[in-house]
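S.K.: Take this structure, written in structure tokens, and hold onto it; I'll ask about it next.
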Amino acid sequence: MSNTESTTRENTLEYSIGLGDDSLMLGQRLAEWCRNAPLLEEDLAISNVALDFIGRANMFYEYAVELAKVTGGVFKNQSVDDIAYLRDSREYLNLLIFEMPIGDFAYTMTRQLIVDLFNVDYFTALSASSDSRLAAIAAKTLKESKYHLRRSHEWALRLGDGTEESHTRMQNAVNELWGYTPELFEMSETELALLPAGISVDRAALFDTWEARVSGILNEATLDHPPGDWQVTGGRAGVHTEYHGHLLSEMQFLQRAYPGLAW
Amino acid sequence: MALLPVTTHDQLIRSKARENSLCPQIWALLDTVTDPEIPVISIWDLGVLQDVIEQASRVEVVITPTYSGCPAMREIEQDICKTLKRAGYSHVEVTTRLSPAWSTDWMSKQGKQQLMDFGIAPPTPTWQVRKVICPQCASTDNSLISEFGSTACKALYKCNDCLEAFDYFKCI
Ligand SMILES: [Zn+2]
């Protein structure tokens, strides 16, 4: 095995973990709405979307597990559950927007709109990856994200252009979340290393389309585009917000209390 | 003008795999394995079963998941193993194929009829405008209640004629 080949495999492993962590964190957050949503239909909808995110995390981790069999390293001999549930905060590579709390319903739906819009373009690009496994996961995920977007788009319009109360809450949510959006378009070193071979997606290249589309929707929903005068990053390097540890303590409880527990 | 029946390339590959198979008896056995959440439809009619390969004493069953987070998939895997082991196949392996991604276009005509009889409006082919038919009274005058129904694969509708709420198998 050549040196470059093994480096590529290690990078692909880390790339898969990062994408898996993004999905797992948001899936876990959305699951918090289960039995707490404002109406039964929403309860079902959010829980279904949560399952889609947890399912895609599972697919990325499964690939990581297979790669780790060859690369060795920290994930060698680990299971999908080990990767999902037994790391500490600094070892998770998710972007910060995915770990933020659920807030109110407006906040949750605003994040979904931001993320779904991004994901549709991201997974469209990843489905053309030269890594056939990543391409297959992306193609599957893309179909679901398109469906998710239909709903988050509708809610953004309904709440943004709704009552005074719903409009205010939506505007607050947009303002509070905006500083976490630049990180979606920031390339990590791993992603940059995988770019020339066509394995990873060039996030930066997705910005203009996303910005145009999200601005259009904000406008349609009578919401103001935030000035974008602040931003926070660090998730891919394992530096998280204060909310991350709380999320992990709830998510990991079962595996920590009953090691090796399986369904 | 009547719509011509269209078969996608993926559909064609799937049906050829079954037609040209050297082990039709295994495919027939697997016709008894159903979706645990919609027990009237077999995994073949649902479009989940892709291929069956028999080599010496080993049987490999290839399936494609419907939704990434669908909890029924694991149960389907177990049911496949159970069914084949009961029939005397001792070494059964279920493998998951992600690409091409599952599409409701793979659902068979019979499968769609079974859904309808069960009270779930079947999916519209993805290349057509969505047309939802009430499984109770066959009316096409209905309204969407929610994009997400009782499981990941369904949306919730209400019939404007008979006023019944019903599930629609959403097309992806
Ligand atoms: Zn009806």
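So you can find residues: chains in the structure tokens are A, B, ... in the order shown, residues in each start at 1, and ligands are numbered from 1 in order.
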Please, which residues have at least one atom within 12 Å of an atom of ligand 1, using only C-alpha atoms and all ligand atoms, listed as a list in words?
M.R.: Gly119, Ile120, Ala121, Val132, Ile133, Cys134, Pro135, Gln136, Cys137, Ala138, Ser139, Thr140, Asp141, Asn142, Ser143, Tyr157, Lys158, Cys159, Asn160, Asp161, Cys162, Leu163, Glu164, Ala165, Phe166 and Asp167 of chain B
S.K.: Residues of chain A near chain B: apply a cut-off of 7 Å, count only C-alpha atoms, and supply the list as a list in words.
M.R.: Glu41, Leu44, Ala45, Asn48, Leu51, Asp52, Ile54, Gly55, Arg56, Ala136, Ile137, Ala139, Lys140 and Lys143 of chain A
S.K.: Would you mind telling me which residue in B:Leu12, B:Val62, B:Met107, B:Ala56 lies nearest to Phe169 of chain B when using only C-alpha atoms?
M.R.: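 Result for the nearest residue to Phe169 of chain B: B:Met107.
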S.K.: When you look at Pro36 of chain B with a cut-off of 9 Å (counting only C-alpha atoms), what residues show up, excluding the ones that are within fewer than 6 positions of it in the same chain? I need them as a PDB file with all heavy atoms, in the first residue's frame.
M.R.:
ATOM      1  N   ALA B  72     -37.543  -0.288  10.482  1.00  0.00           N
ATOM      2  CA  ALA B  72     -38.044  -1.573   9.980  1.00  0.00           C
ATOM      3  C   ALA B  72     -36.947  -2.377   9.287  1.00  0.00           C
ATOM      4  O   ALA B  72     -37.038  -3.599   9.172  1.00  0.00           O
ATOM      5  CB  ALA B  72     -39.204  -1.352   9.029  1.00  0.00           C
ATOM      6  N   MET B  73     -35.897  -1.695   8.820  1.00  0.00           N
ATOM      7  CA  MET B  73     -34.880  -2.389   8.044  1.00  0.00           C
ATOM      8  C   MET B  73     -34.207  -3.514   8.832  1.00  0.00           C
ATOM      9  O   MET B  73     -33.943  -4.576   8.306  1.00  0.00           O
ATOM     10  CB  MET B  73     -33.819  -1.402   7.522  1.00  0.00           C
ATOM     11  CG  MET B  73     -34.332  -0.421   6.490  1.00  0.00           C
ATOM     12  SD  MET B  73     -35.322  -1.149   5.155  1.00  0.00           S
ATOM     13  CE  MET B  73     -34.115  -2.168   4.343  1.00  0.00           C
ATOM     14  N   GLU B  75     -35.430  -5.188  11.280  1.00  0.00           N
ATOM     15  CA  GLU B  75     -36.384  -6.275  11.468  1.00  0.00           C
ATOM     16  C   GLU B  75     -36.510  -7.099  10.176  1.00  0.00           C
ATOM     17  O   GLU B  75     -36.600  -8.323  10.225  1.00  0.00           O
ATOM     18  CB  GLU B  75     -37.740  -5.682  11.848  1.00  0.00           C
ATOM     19  CG  GLU B  75     -38.452  -6.500  12.885  1.00  0.00           C
ATOM     20  CD  GLU B  75     -39.625  -5.731  13.458  1.00  0.00           C
ATOM     21  OE1 GLU B  75     -39.434  -4.603  13.952  1.00  0.00           O
ATOM     22  OE2 GLU B  75     -40.737  -6.259  13.376  1.00  0.00           O
ATOM     23  N   ILE B  76     -36.489  -6.420   9.045  1.00  0.00           N
ATOM     24  CA  ILE B  76     -36.570  -7.118   7.760  1.00  0.00           C
ATOM     25  C   ILE B  76     -35.366  -8.054   7.607  1.00  0.00           C
ATOM     26  O   ILE B  76     -35.514  -9.214   7.197  1.00  0.00           O
ATOM     27  CB  ILE B  76     -36.642  -6.096   6.593  1.00  0.00           C
ATOM     28  CG1 ILE B  76     -38.033  -5.434   6.565  1.00  0.00           C
ATOM     29  CG2 ILE B  76     -36.337  -6.757   5.258  1.00  0.00           C
ATOM     30  CD1 ILE B  76     -38.199  -4.329   5.536  1.00  0.00           C
TER      31      ILE B  76
END
S.K.: Excluding same-chain residues fewer than 6 positions from segment 167-170 of chain A, what lies within 6 Å of it counting only C-alpha atoms, as a ChimeraX atom specification?
M.R.: /A:106,159-160
S.K.: Go ahead and save the picked residues with N, CA and C atoms, as a compact mmCIF listing (two decimals), in the first residue's frame.
M.R.:
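The resulting file, result-v5.txt, is reproduced below:
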# COMPACT_ATOMS: atom_id res chain seq x y z
N ALA A 106 -39.57 28.24 16.45
CA ALA A 106 -39.06 29.11 15.38
C ALA A 106 -37.56 28.89 15.19
N LEU A 159 -44.34 31.10 9.47
CA LEU A 159 -44.03 31.78 10.74
C LEU A 159 -43.48 33.18 10.52
N GLY A 160 -42.62 33.33 9.50
CA GLY A 160 -42.03 34.65 9.24
C GLY A 160 -43.10 35.65 8.83
S.K.: As a list in words, please: the residues near Tyr61 of chain A (cut-off 7 Å, only C-alpha atoms, same-chain neighbours under 6 positions excluded).
M.R.: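 Counting only the stated atoms, we get Ser16, Ile17, Gly20 and Val80 of chain A.
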S.K.: With only C-alpha atoms as the counted atoms, please give the residues lying no more than 8 Å from Ile217 of chain A, apart from itself and same-chain residues fewer than 4 positions off, as a PyMOL selection string.
M.R.: chain A and resi 153+156-157+213+221
